[in-house]
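One file, run_20.pdb, carrying PDB, C-alpha atoms and all ligand atoms:
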```
ATOM      1  CA  MET A 614      33.180   7.386   9.844
ATOM      2  CA  ASN A 615      33.649   9.387   6.652
ATOM      3  CA  ARG A 616      31.262  11.999   5.453
ATOM      4  CA  ALA A 617      30.172  10.185   2.303
ATOM      5  CA  PHE A 618      29.212   7.124   4.315
ATOM      6  CA  LEU A 619      27.247   9.237   6.800
ATOM      7  CA  ALA A 620      25.406  11.006   3.994
ATOM      8  CA  GLY A 621      24.675   7.660   2.362
ATOM      9  CA  ALA A 622      23.286   6.262   5.610
ATOM     10  CA  MET A 623      21.117   9.327   6.097
ATOM     11  CA  LEU A 624      19.805   9.071   2.554
ATOM     12  CA  ALA A 625      18.949   5.418   3.126
ATOM     13  CA  THR A 626      17.042   6.347   6.295
ATOM     14  CA  LEU A 627      15.253   9.132   4.465
ATOM     15  CA  ALA A 628      14.359   6.821   1.579
ATOM     16  CA  ALA A 629      12.921   4.294   4.030
ATOM     17  CA  ALA A 630      10.852   6.991   5.714
ATOM     18  CA  VAL A 631       9.487   8.228   2.399
ATOM     19  CA  ALA A 632       8.737   4.700   1.248
ATOM     20  CA  THR A 633       6.666   3.890   4.332
ATOM     21  CA  GLN A 634       4.868   7.215   4.469
ATOM     22  CA  PRO A 635       2.230   6.801   1.735
ATOM     23  CA  SER A 636       0.374   4.029   3.561
ATOM     24  CA  ALA A 637       0.299   6.139   6.728
ATOM     25  CA  ARG A 638      -0.876   9.396   5.221
ATOM     26  CA  ALA A 639      -2.690   8.305   2.104
ATOM     27  CA  HIS A 640      -5.937   6.994   3.543
ATOM     28  CA  VAL A 641      -9.308   8.547   2.914
ATOM     29  CA  VAL A 642     -10.163  10.022   6.320
ATOM     30  CA  ALA A 643     -12.918  12.065   7.942
ATOM     31  CA  ASP A 644     -11.496  15.357   9.223
ATOM     32  CA  PRO A 645     -12.432  16.489  11.821
ATOM     33  CA  ALA A 646     -13.123  13.064  13.321
ATOM     34  CA  LEU A 647     -14.104  13.794  16.930
ATOM     35  CA  ALA A 648     -17.747  14.778  17.471
ATOM     36  CA  GLN A 649     -20.189  15.492  20.262
ATOM     37  CA  PRO A 650     -22.978  13.008  20.953
ATOM     38  CA  GLY A 651     -26.220  13.862  19.180
ATOM     39  CA  SER A 652     -24.717  16.829  17.336
ATOM     40  CA  TYR A 653     -25.071  18.046  13.792
ATOM     41  CA  PHE A 654     -21.465  17.352  12.901
ATOM     42  CA  ARG A 655     -19.657  18.951  10.003
ATOM     43  CA  THR A 656     -16.799  16.915   8.658
ATOM     44  CA  ALA A 657     -15.177  16.237   5.297
ATOM     45  CA  LEU A 658     -13.841  13.127   3.621
ATOM     46  CA  ARG A 659     -10.339  13.951   2.496
ATOM     47  CA  VAL A 660      -9.232  12.186  -0.683
ATOM     48  CA  PRO A 661      -5.442  12.500  -0.579
ATOM     49  CA  HIS A 662      -4.610  11.222  -4.076
ATOM     50  CA  GLY A 663      -5.941   9.230  -7.013
ATOM     51  CA  CYS A 664      -5.874   5.454  -7.508
ATOM     52  CA  ASP A 665      -2.277   4.696  -8.584
ATOM     53  CA  GLY A 666      -2.037   8.150 -10.100
ATOM     54  CA  ARG A 667      -5.356   7.974 -11.943
ATOM     55  CA  PRO A 668      -7.851  10.790 -11.400
ATOM     56  CA  THR A 669     -10.723  10.297  -8.954
ATOM     57  CA  THR A 670     -14.094  10.454 -10.707
ATOM     58  CA  ALA A 671     -16.495   9.244  -8.002
ATOM     59  CA  LEU A 672     -16.729   9.007  -4.232
ATOM     60  CA  ARG A 673     -19.357   6.908  -2.476
ATOM     61  CA  VAL A 674     -19.713   6.777   1.286
ATOM     62  CA  THR A 675     -21.967   4.415   3.206
ATOM     63  CA  ILE A 676     -23.744   6.227   6.026
ATOM     64  CA  PRO A 677     -23.569   4.160   9.225
ATOM     65  CA  ASP A 678     -26.484   3.076  11.412
ATOM     66  CA  GLY A 679     -27.625   5.706  13.888
ATOM     67  CA  VAL A 680     -27.177   8.668  11.520
ATOM     68  CA  VAL A 681     -30.685   9.981  10.829
ATOM     69  CA  SER A 682     -29.910  12.797   8.441
ATOM     70  CA  VAL A 683     -27.094  13.945   6.212
ATOM     71  CA  THR A 684     -26.478  17.084   4.155
ATOM     72  CA  PRO A 685     -23.666  16.696   1.628
ATOM     73  CA  GLN A 686     -21.559  19.594   0.426
ATOM     74  CA  ALA A 687     -22.262  20.913  -3.057
ATOM     75  CA  LYS A 688     -19.121  20.710  -5.176
ATOM     76  CA  PRO A 689     -18.868  22.491  -8.513
ATOM     77  CA  GLY A 690     -18.465  19.971 -11.342
ATOM     78  CA  TRP A 691     -19.798  17.040  -9.312
ATOM     79  CA  GLN A 692     -23.296  15.588  -9.074
ATOM     80  CA  VAL A 693     -24.222  14.785  -5.520
ATOM     81  CA  ALA A 694     -26.890  12.271  -4.524
ATOM     82  CA  VAL A 695     -28.217  10.839  -1.286
ATOM     83  CA  ALA A 696     -29.717   7.347  -1.520
ATOM     84  CA  MET A 697     -32.179   6.691   1.289
ATOM     85  CA  ARG A 698     -32.838   3.312   2.867
ATOM     86  CA  LYS A 699     -35.893   2.033   4.713
ATOM     87  CA  LEU A 700     -35.637   0.783   8.291
ATOM     88  CA  ASP A 701     -37.678  -2.064   9.745
ATOM     89  CA  ARG A 702     -38.890   0.193  12.519
ATOM     90  CA  PRO A 703     -39.022   4.004  12.770
ATOM     91  CA  VAL A 704     -36.383   5.941  14.718
ATOM     92  CA  ASP A 705     -36.438   9.423  16.273
ATOM     93  CA  ALA A 706     -35.122  11.846  13.666
ATOM     94  CA  GLY A 707     -34.815  14.695  16.174
ATOM     95  CA  HIS A 708     -37.411  17.133  17.498
ATOM     96  CA  GLY A 709     -39.560  14.065  18.277
ATOM     97  CA  ARG A 710     -40.193  13.372  14.596
ATOM     98  CA  MET A 711     -40.206   9.645  13.762
ATOM     99  CA  THR A 712     -38.959   8.316  10.432
ATOM    100  CA  ASP A 713     -38.238   4.976   8.847
ATOM    101  CA  MET A 714     -36.258   6.489   5.955
ATOM    102  CA  VAL A 715     -32.617   7.289   6.688
ATOM    103  CA  PRO A 716     -29.676   8.124   4.435
ATOM    104  CA  GLY A 717     -27.887   5.006   3.175
ATOM    105  CA  GLU A 718     -25.279   6.348   0.792
ATOM    106  CA  VAL A 719     -23.955   9.703  -0.362
ATOM    107  CA  SER A 720     -22.241   9.868  -3.746
ATOM    108  CA  TRP A 721     -20.349  12.502  -5.658
ATOM    109  CA  THR A 722     -19.948  11.579  -9.335
ATOM    110  CA  GLY A 723     -19.077  13.082 -12.674
ATOM    111  CA  GLY A 724     -16.144  15.188 -11.514
ATOM    112  CA  SER A 725     -12.453  14.625 -12.095
ATOM    113  CA  LEU A 726      -9.892  15.135  -9.353
ATOM    114  CA  PRO A 727      -6.355  14.872 -10.773
ATOM    115  CA  GLY A 728      -4.368  12.012  -9.212
ATOM    116  CA  ASN A 729      -1.700  14.313  -7.767
ATOM    117  CA  LEU A 730      -4.128  16.671  -5.992
ATOM    118  CA  PHE A 731      -6.255  16.274  -2.891
ATOM    119  CA  ASP A 732      -9.803  17.439  -2.274
ATOM    120  CA  GLU A 733     -12.391  17.323   0.491
ATOM    121  CA  PHE A 734     -16.017  16.227   0.291
ATOM    122  CA  GLY A 735     -18.033  17.777   3.107
ATOM    123  CA  LEU A 736     -20.912  16.305   5.075
ATOM    124  CA  VAL A 737     -23.140  17.470   7.896
ATOM    125  CA  LEU A 738     -24.374  14.414   9.786
ATOM    126  CA  LYS A 739     -26.912  14.197  12.612
ATOM    127  CA  LEU A 740     -25.040  11.835  14.917
ATOM    128  CA  PRO A 741     -26.480   9.401  17.457
ATOM    129  CA  ALA A 742     -26.343  10.488  21.105
ATOM    130  CA  THR A 743     -24.025   7.607  21.995
ATOM    131  CA  PRO A 744     -20.989   8.793  23.968
ATOM    132  CA  GLY A 745     -17.797   6.948  23.073
ATOM    133  CA  ALA A 746     -19.236   5.339  19.927
ATOM    134  CA  GLN A 747     -17.168   4.824  16.803
ATOM    135  CA  LEU A 748     -18.879   5.304  13.469
ATOM    136  CA  TRP A 749     -17.136   3.702  10.493
ATOM    137  CA  LEU A 750     -17.924   5.133   7.077
ATOM    138  CA  PRO A 751     -16.886   2.777   4.257
ATOM    139  CA  VAL A 752     -15.796   4.777   1.214
ATOM    140  CA  VAL A 753     -15.381   3.645  -2.384
ATOM    141  CA  GLN A 754     -13.117   5.929  -4.404
ATOM    142  CA  GLY A 755     -13.844   5.466  -8.093
ATOM    143  CA  CYS A 756     -11.120   6.377 -10.575
ATOM    144  CA  ASP A 757     -10.641   6.374 -14.322
ATOM    145  CA  GLY A 758     -10.338   2.631 -14.935
ATOM    146  CA  GLY A 759     -10.148   1.474 -11.339
ATOM    147  CA  GLU A 760     -11.215   2.007  -7.785
ATOM    148  CA  ALA A 761      -9.919   1.988  -4.237
ATOM    149  CA  ARG A 762     -12.191   0.517  -1.558
ATOM    150  CA  TRP A 763     -11.697   2.057   1.893
ATOM    151  CA  GLU A 764     -13.963  -0.381   3.686
ATOM    152  CA  GLN A 765     -11.959  -2.250   6.310
ATOM    153  CA  ILE A 766     -13.205  -2.013   9.877
ATOM    154  CA  PRO A 767     -10.834  -3.251  12.594
ATOM    155  CA  ALA A 768     -11.923  -6.280  14.603
ATOM    156  CA  ALA A 769     -11.843  -6.159  18.426
ATOM    157  CA  GLY A 770      -8.257  -5.734  19.598
ATOM    158  CA  GLN A 771      -7.099  -4.748  16.126
ATOM    159  CA  SER A 772      -5.852  -1.279  15.208
ATOM    160  CA  ALA A 773      -6.970   0.605  12.127
ATOM    161  CA  HIS A 774      -3.267   1.395  11.617
ATOM    162  CA  ASP A 775      -2.714  -2.279  10.778
ATOM    163  CA  LEU A 776      -5.256  -2.187   7.963
ATOM    164  CA  PRO A 777      -4.169  -1.199   4.448
ATOM    165  CA  ARG A 778      -7.586   0.207   3.477
ATOM    166  CA  PRO A 779      -9.464   1.311   6.619
ATOM    167  CA  ALA A 780     -12.913   2.932   6.391
ATOM    168  CA  ALA A 781     -13.166   6.575   7.499
ATOM    169  CA  LEU A 782     -13.846   6.980  11.212
ATOM    170  CA  ILE A 783     -15.901   9.439  13.276
ATOM    171  CA  ARG A 784     -15.422   9.112  17.026
ATOM    172  CA  ILE A 785     -18.135  10.392  19.350
ATOM    173  CA  ALA A 786     -16.754  12.030  22.495
ATOM    174  CA  ASP A 787     -17.169  10.137  25.733
ATOM    175  CA  SER A 788     -19.599  10.968  28.525
ATOM    176  CA  SER A 789     -17.249  13.393  30.315
ATOM    177  CA  GLY A 790     -19.677  16.029  29.089
ATOM    178  CA  LYS A 791     -16.866  17.960  27.481
ATOM    179  CA  PRO A 792     -17.358  18.948  23.893
ATOM    180  CA  ALA A 793     -15.018  17.302  21.442
ATOM    181  CA  MET A 794     -13.056  20.517  20.864
ATOM    182  CA  HIS A 795     -11.968  20.721  24.500
ATOM    183  CA  GLN A 796     -10.445  17.286  24.336
ATOM    184  CA  HIS A 797      -8.018  18.536  21.762
ATOM    185  CA  GLY A 798      -7.054  21.369  24.088
ATOM    186  CA  ALA A 799      -8.540  23.992  21.773
ATOM    187  CA  GLN A 800     -10.623  26.726  23.377
ATOM    188  CA  PRO A 801     -13.732  27.792  21.535
ATOM    189  CA  SER A 802     -13.481  31.428  20.613
ATOM    190  CA  ALA A 803     -15.085  33.950  18.360
ATOM    191  CA  THR A 804     -11.966  34.000  16.223
ATOM    192  CA  MET A 805     -12.017  30.290  15.488
ATOM    193  CA  PRO A 806     -13.597  29.866  12.073
ATOM    194  CA  ALA A 807     -16.714  27.710  12.185
ATOM    195  CA  ALA A 808     -16.114  26.941   8.539
ATOM    196  CA  LYS A 809     -14.070  28.046   5.554
ATOM    197  CA  ALA A 810     -14.906  28.347   1.881
ATOM    198  CA  GLY A 811     -11.818  29.166  -0.141
ATOM    199  CA  ASP A 812     -10.489  32.468   1.225
ATOM    200  CA  ILE A 813     -13.647  33.166   3.234
ATOM    201  CA  ALA A 814     -13.667  32.259   6.939
ATOM    202  CA  ILE A 815     -17.068  32.130   8.612
ATOM    203  CA  GLU A 816     -16.915  32.979  12.310
ATOM    204  CA  ALA A 817     -19.269  33.012  15.279
ATOM    205  CA  PRO A 818     -22.460  31.880  13.541
ATOM    206  CA  PHE A 819     -25.652  31.746  15.576
ATOM    207  CA  ALA A 820     -29.410  31.870  15.240
ATOM    208  CA  ARG A 821     -31.871  33.282  17.751
ATOM    209  CA  ALA A 822     -34.358  30.935  19.370
ATOM    210  CA  THR A 823     -37.882  31.666  18.204
ATOM    211  CA  PRO A 824     -41.299  30.064  18.398
ATOM    212  CA  ALA A 825     -42.236  31.868  15.159
ATOM    213  CA  ARG A 826     -42.165  30.707  11.549
ATOM    214  CA  VAL A 827     -39.290  33.056  10.718
ATOM    215  CA  GLY A 828     -35.820  33.310  12.199
ATOM    216  CA  GLY A 829     -32.512  35.060  11.664
ATOM    217  CA  VAL A 830     -28.946  33.757  11.363
ATOM    218  CA  PHE A 831     -25.988  36.002  12.125
ATOM    219  CA  LEU A 832     -22.271  35.476  11.504
ATOM    220  CA  THR A 833     -19.055  37.170  10.471
ATOM    221  CA  LEU A 834     -17.431  36.735   7.067
ATOM    222  CA  LYS A 835     -13.682  37.356   6.776
ATOM    223  CA  ASN A 836     -12.144  37.446   3.339
ATOM    224  CA  GLY A 837      -8.446  36.522   3.565
ATOM    225  CA  GLY A 838      -8.026  36.710  -0.202
ATOM    226  CA  LYS A 839      -6.964  39.387  -2.654
ATOM    227  CA  ALA A 840     -10.264  39.405  -4.533
ATOM    228  CA  ALA A 841     -13.664  40.654  -3.439
ATOM    229  CA  ASP A 842     -16.335  37.999  -3.112
ATOM    230  CA  ILE A 843     -20.118  37.975  -2.704
ATOM    231  CA  LEU A 844     -22.359  35.808  -0.548
ATOM    232  CA  VAL A 845     -24.975  35.045  -3.179
ATOM    233  CA  ARG A 846     -27.203  32.467  -1.542
ATOM    234  CA  ALA A 847     -28.041  30.611   1.658
ATOM    235  CA  ALA A 848     -30.027  27.409   2.093
ATOM    236  CA  SER A 849     -31.133  25.208   4.977
ATOM    237  CA  PRO A 850     -33.368  22.162   5.272
ATOM    238  CA  VAL A 851     -35.064  23.685   8.362
ATOM    239  CA  ALA A 852     -36.893  26.380   6.388
ATOM    240  CA  GLU A 853     -38.984  26.542   3.250
ATOM    241  CA  HIS A 854     -37.127  29.610   1.966
ATOM    242  CA  VAL A 855     -33.870  31.203   2.963
ATOM    243  CA  GLU A 856     -33.164  34.796   1.956
ATOM    244  CA  LEU A 857     -30.312  37.245   2.409
ATOM    245  CA  HIS A 858     -31.710  40.370   4.060
ATOM    246  CA  GLU A 859     -30.638  43.859   5.016
ATOM    247  CA  HIS A 860     -32.226  46.460   7.252
ATOM    248  CA  VAL A 861     -32.965  49.806   5.657
ATOM    249  CA  LYS A 862     -34.386  53.027   7.023
ATOM    250  CA  ASP A 863     -37.924  53.624   5.796
ATOM    251  CA  GLY A 864     -38.850  57.065   7.138
ATOM    252  CA  GLU A 865     -38.452  56.698  10.892
ATOM    253  CA  ALA A 866     -38.860  52.919  10.865
ATOM    254  CA  MET A 867     -36.322  50.201  10.125
ATOM    255  CA  ARG A 868     -37.516  47.698   7.626
ATOM    256  CA  MET A 869     -35.850  44.630   6.201
ATOM    257  CA  ARG A 870     -35.762  43.547   2.612
ATOM    258  CA  PRO A 871     -33.934  41.012   0.432
ATOM    259  CA  VAL A 872     -30.539  42.318  -0.678
ATOM    260  CA  ASP A 873     -29.946  43.094  -4.325
ATOM    261  CA  GLY A 874     -27.087  41.079  -5.816
ATOM    262  CA  GLY A 875     -25.886  39.394  -2.640
ATOM    263  CA  ILE A 876     -23.834  40.485   0.368
ATOM    264  CA  PRO A 877     -20.360  41.792  -0.561
ATOM    265  CA  VAL A 878     -17.221  40.641   1.267
ATOM    266  CA  PRO A 879     -14.383  43.000   0.276
ATOM    267  CA  ALA A 880     -10.875  41.689  -0.453
ATOM    268  CA  GLY A 881      -9.061  41.397   2.864
ATOM    269  CA  GLY A 882     -12.188  42.705   4.585
ATOM    270  CA  ILE A 883     -14.866  41.719   7.071
ATOM    271  CA  THR A 884     -18.633  41.743   6.635
ATOM    272  CA  ALA A 885     -20.730  41.218   9.741
ATOM    273  CA  LEU A 886     -24.222  39.788   9.520
ATOM    274  CA  GLN A 887     -25.742  41.059  12.740
ATOM    275  CA  PRO A 888     -29.056  42.127  14.253
ATOM    276  CA  GLY A 889     -30.131  45.409  12.638
ATOM    277  CA  GLY A 890     -27.971  44.839   9.566
ATOM    278  CA  TYR A 891     -27.363  42.083   7.080
ATOM    279  CA  HIS A 892     -28.725  38.715   8.108
ATOM    280  CA  VAL A 893     -29.798  35.345   6.775
ATOM    281  CA  MET A 894     -33.579  35.065   7.006
ATOM    282  CA  LEU A 895     -35.197  31.687   7.513
ATOM    283  CA  ILE A 896     -38.767  31.794   6.224
ATOM    284  CA  GLY A 897     -41.302  29.034   6.839
ATOM    285  CA  LEU A 898     -39.463  27.257   9.648
ATOM    286  CA  LYS A 899     -40.568  23.640   9.820
ATOM    287  CA  GLN A 900     -39.924  23.569  13.612
ATOM    288  CA  PRO A 901     -39.516  26.375  16.149
ATOM    289  CA  LEU A 902     -35.822  27.149  16.726
ATOM    290  CA  LYS A 903     -35.057  25.850  20.219
ATOM    291  CA  GLU A 904     -32.185  27.212  22.278
ATOM    292  CA  GLY A 905     -29.369  24.644  22.428
ATOM    293  CA  SER A 906     -30.284  22.931  19.166
ATOM    294  CA  HIS A 907     -28.312  23.064  15.918
ATOM    295  CA  PHE A 908     -29.093  23.022  12.237
ATOM    296  CA  PRO A 909     -27.130  23.004   8.981
ATOM    297  CA  LEU A 910     -26.866  26.092   6.784
ATOM    298  CA  THR A 911     -25.217  26.184   3.369
ATOM    299  CA  LEU A 912     -23.694  29.455   2.197
ATOM    300  CA  THR A 913     -22.743  29.927  -1.445
ATOM    301  CA  PHE A 914     -20.177  32.525  -2.458
ATOM    302  CA  GLN A 915     -19.679  33.716  -6.012
ATOM    303  CA  LYS A 916     -15.958  32.861  -6.003
ATOM    304  CA  ALA A 917     -15.337  30.696  -2.945
ATOM    305  CA  GLY A 918     -18.184  28.273  -3.691
ATOM    306  CA  ALA A 919     -20.450  26.575  -1.194
ATOM    307  CA  VAL A 920     -19.856  25.550   2.395
ATOM    308  CA  THR A 921     -22.195  23.943   4.903
ATOM    309  CA  LEU A 922     -21.848  24.853   8.553
ATOM    310  CA  ASP A 923     -23.542  24.006  11.789
ATOM    311  CA  ILE A 924     -25.596  26.854  13.307
ATOM    312  CA  PRO A 925     -26.139  26.790  17.086
ATOM    313  CA  VAL A 926     -29.410  28.278  18.331
ATOM    314  CA  MET A 927     -28.830  30.835  21.107
ATOM    315  CA  LYS A 928     -31.430  32.406  23.371
ATOM    316  CA  ALA A 929     -34.077  34.737  21.968
ATOM    317  CA  GLY A 930     -32.622  38.204  21.443
ATOM    318  CA  ALA A 931     -28.999  36.975  21.619
ATOM    319  CA  MET A 932     -26.367  39.415  20.358
ATOM    320  CA  PRO A 933     -23.013  38.514  18.772
ATOM    321  CA  ASP A 934     -21.127  39.336  21.993
ATOM    322  CA  ASP A 935     -23.329  37.061  24.089
ATOM    323  CA  HIS A 936     -21.518  33.967  23.015
ATOM    324  CA  SER A 937     -18.301  32.552  21.756
ATOM    325  CA  GLY A 938     -19.556  31.257  18.476
ATOM    326  CA  HIS A 939     -19.568  27.842  20.051
ATOM    327  CA  SER A 940     -22.816  26.082  20.820
ATOM    328  CA  GLY A 941     -24.310  26.177  24.254
ATOM    329  CA  HIS A 942     -21.497  28.005  26.034
ATOM    330  CA  LYS A 943     -22.166  31.052  28.163
ATOM    331  CA  HIS A 944     -19.349  33.132  29.550
TER     332      HIS A 944
HETATM  333 CU    CU A1001     -34.992  39.532   7.554
END
```
Could you rewrite the structure in this file as structure tokens?
Ligand SMILES: [Cu+2]
Amino acid sequence: MNRAFLAGAMLATLAAAVATQPSARAHVVADPALAQPGSYFRTALRVPHGCDGRPTTALRVTIPDGVVSVTPQAKPGWQVAVAMRKLDRPVDAGHGRMTDMVPGEVSWTGGSLPGNLFDEFGLVLKLPATPGAQLWLPVVQGCDGGEARWEQIPAAGQSAHDLPRPAALIRIADSSGKPAMHQHGAQPSATMPAAKAGDIAIEAPFARATPARVGGVFLTLKNGGKAADILVRAASPVAEHVELHEHVKDGEAMRMRPVDGGIPVPAGGITALQPGGYHVMLIGLKQPLKEGSHFPLTLTFQKAGAVTLDIPVMKAGAMPDDHSGHSGHKH
């Protein structure tokens, strides 16, 4: 066999591989996709490209039955909306609260994502406590002069791989009792980022359980970038107000007060929000923070933008070293 022939054959194989790849990798998917039953689950819909090269200008996702609350990610340049829908009979929305209004659709509109770039649209969803369930999230990707409908749900015995336009999928871990992360072989650890916003990794977030109307959230911010950034704002649906606080010495006493101008995260540096120092203050809690529960918190950085993460509630008086940054685990 001569060299030119071999090279030609290899090129043909390569061309075939490239030609078949787009359908395999180009779907709109939820990532991560494996969740724990009943958890507040942070995921993102990844839009891998435009519609036939045209820019993406809208993304609409239908929220499946069993999801009682959703917090979408704020994205600069996009309007985000949650359309609610009314149920025939009320369901438990968590903490024993009953509701007949649940999220029906989340939409991001008004932006423009170039057809050759990808982006992610984040969501925190309160998932049903149904081990082994599959939640399909139909997505309509609107583009300049067209759309792509990712709405196909496989029938029994069918594989999503056989569908040209499958809906996004969230799988709820089975009843083995193991959290979803363990099933991927990953060990929870304090150095595993709970979330990332641009160059900022957010590690080991936790709140302390409290029966009071105020609570604190603690976490570590690591700036992997070459520019300093500032945590300018925090928000959560569990509290009426959320403030960024610091502890200062007032005579002999320590007192806390809102920080002036946000919490700095130096270029290449680490800023710890910990008891006795910087912290996120939840004021006017709508429910007591119960150990073992979770809630969403959105942090907004001046440069890195906004990110929503899931905050596990640890025992009253918990310190950063008490836990792994992963909910409910004691070591
Ligand atoms: Cu405070």
Distance criterion (only C-alpha atoms): nearest to His858 (chain A) out of A:Pro668, A:Tyr891, A:Thr833, A:Ala885: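 Result for the nearest residue to His858 (chain A): A:Tyr891.
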Evaluate the PyMOL selection byres (((not hetatm)) within 9 of (chain A and resi 1001)) on the structure here and hand back the selected residues as number ranges by chain. A: 827-829, 856-860, 868-871, 891-896
Write out as an MDAnalysis selection string each polymer residue whose atoms come within 10 Å of Val920 (chain A), counting all atoms listed in the file; drop sequence neighbours fewer than 3 positions from it. chainID A and resid 685:688 735:736 808:811 813 815 847 910:914 917
Quick one: which residues end up in the PyMOL selection byres (((chain A and resi 929) around 6) and not hetatm) for this structure, as a PDB file with C-alpha atoms, keeping the file's coordinate frame?
```
ATOM      1  CA  ARG A 821     -31.871  33.282  17.751  1.00  0.00           C
ATOM      2  CA  ALA A 822     -34.358  30.935  19.370  1.00  0.00           C
ATOM      3  CA  LYS A 928     -31.430  32.406  23.371  1.00  0.00           C
ATOM      4  CA  GLY A 930     -32.622  38.204  21.443  1.00  0.00           C
ATOM      5  CA  ALA A 931     -28.999  36.975  21.619  1.00  0.00           C
TER       6      ALA A 931
END
```
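For the residues A:Pro677, A:Gly723, A:Gly837, A:Gly728, ranking by smallest atom-to-atom distance to Val752 (chain A) using all atoms listed in the file places A:Pro677 first.
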Between A:Pro779, A:Gly724, A:Gly758, A:Gly679, single out the one closest to Ala742 (chain A), counting all atoms listed in the file.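 Using all atoms listed in the file, Ala742 (chain A) sits closest to A:Gly679.
Minimum distance to Pro751 (chain A) across A:Ser720, A:Thr684, A:Asn836, A:Asn729 (counting all atoms listed in the file) occurs at A:Ser720.
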Which residues are near Ile924 (chain A)? Cut-off 10 Å, only C-alpha atoms, ignore same chain within fewer than 3 positions. Put them as a PyMOL selection string. chain A and resi 653+807+817-820+830-832+906-911+921+927+938-940
Expansion of the PyMOL selection byres (((chain A and resi 743) around 8) and not hetatm) into residues, as a short mmCIF file (atom, residue, chain, number, x, y, z; two decimals) with C-alpha atoms, keeping the file's coordinate frame:
```
data_model
loop_
_atom_site.label_atom_id
_atom_site.label_comp_id
_atom_site.auth_asym_id
_atom_site.auth_seq_id
_atom_site.Cartn_x
_atom_site.Cartn_y
_atom_site.Cartn_z
CA PRO A 650 -22.98 13.01 20.95
CA GLY A 651 -26.22 13.86 19.18
CA PRO A 741 -26.48 9.40 17.46
CA ALA A 742 -26.34 10.49 21.10
CA PRO A 744 -20.99 8.79 23.97
CA GLY A 745 -17.80 6.95 23.07
CA ALA A 746 -19.24 5.34 19.93
CA ILE A 785 -18.14 10.39 19.35
#
```
Separation of CA of Arg762 (chain A) from CA of Val737 (chain A) in Å: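 Atom-to-atom, CA of Val737 (chain A) and CA of Arg762 (chain A) are spaced 22.3 Å apart.
The interatomic distance for the pair CA of Gly864 (chain A) and CA of Ile876 (chain A) works out to 23.4 Å.
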Per residue of region 717-820 of chain A within 8 Å of region 641-647 of chain A, record the nearest atom pair and its distance in Å to one decimal, counting only C-alpha atoms, with rows in chain order and ascending residue number, as CSV.
```
residue,atom,partner,partner_atom,distance
A:Val752,CA,A:Val641,CA,7.7
A:Trp763,CA,A:Val641,CA,7.0
A:Ala780,CA,A:Val641,CA,7.5
A:Ala781,CA,A:Val642,CA,4.7
A:Leu782,CA,A:Ala643,CA,6.1
A:Ile783,CA,A:Ala646,CA,4.6
A:Arg784,CA,A:Leu647,CA,4.9
A:Ile785,CA,A:Leu647,CA,5.8
A:Ala786,CA,A:Leu647,CA,6.4
A:Ala793,CA,A:Leu647,CA,5.8
A:Met794,CA,A:Leu647,CA,7.9
```
May I have the residues within 9 Å of Ile676 (chain A) as a ChimeraX atom specification, using only C-alpha atoms and disregarding those fewer than 2 positions away in the same chain? /A:674,678-680,683,715-719,748-751
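When CA of Asp713 (chain A) is paired with CA of Thr823 (chain A), their separation reads 28.3 Å.
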Pick out the closest residue to Glu760 (chain A) from this set: A:Thr722, A:Ser772, A:Ser849, A:Thr669. Count all atoms listed in the file. A:Thr669
Can you tell me, as a PyMOL selection string, what residues are no more than 10 Å from Cys756 (chain A) when counting all atoms listed in the file, ignoring any on the same chain fewer than 4 positions away? chain A and resi 663-672+725-728+760-761
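Among A:Pro933, A:Gly755, A:Gly881, A:Gly905, the residue with the shortest atom-to-atom distance to Ser652 (chain A), counting all atoms listed in the file, is A:Gly905.
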Region 663-677 of chain A, all listed atoms, 3 Å padding on each side: what axis-aligned box centre and edge lengths in Å to one decimal come out, as AutoDock Vina command-line options?
```
--center_x -12.9 --center_y 7.5 --center_z -1.4 --size_x 27.7 --size_y 12.6 --size_z 27.2
```
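With only C-alpha atoms taken into account, the protein and nucleic acid residues at most 9 Å from Ala706 (chain A) (excluding it and anything under 3 positions from it in its own chain) are Val680, Val681, Ser682, Pro703, Gly709, Arg710, Met711, Thr712, Asp713, Val715 and Lys739 of chain A.
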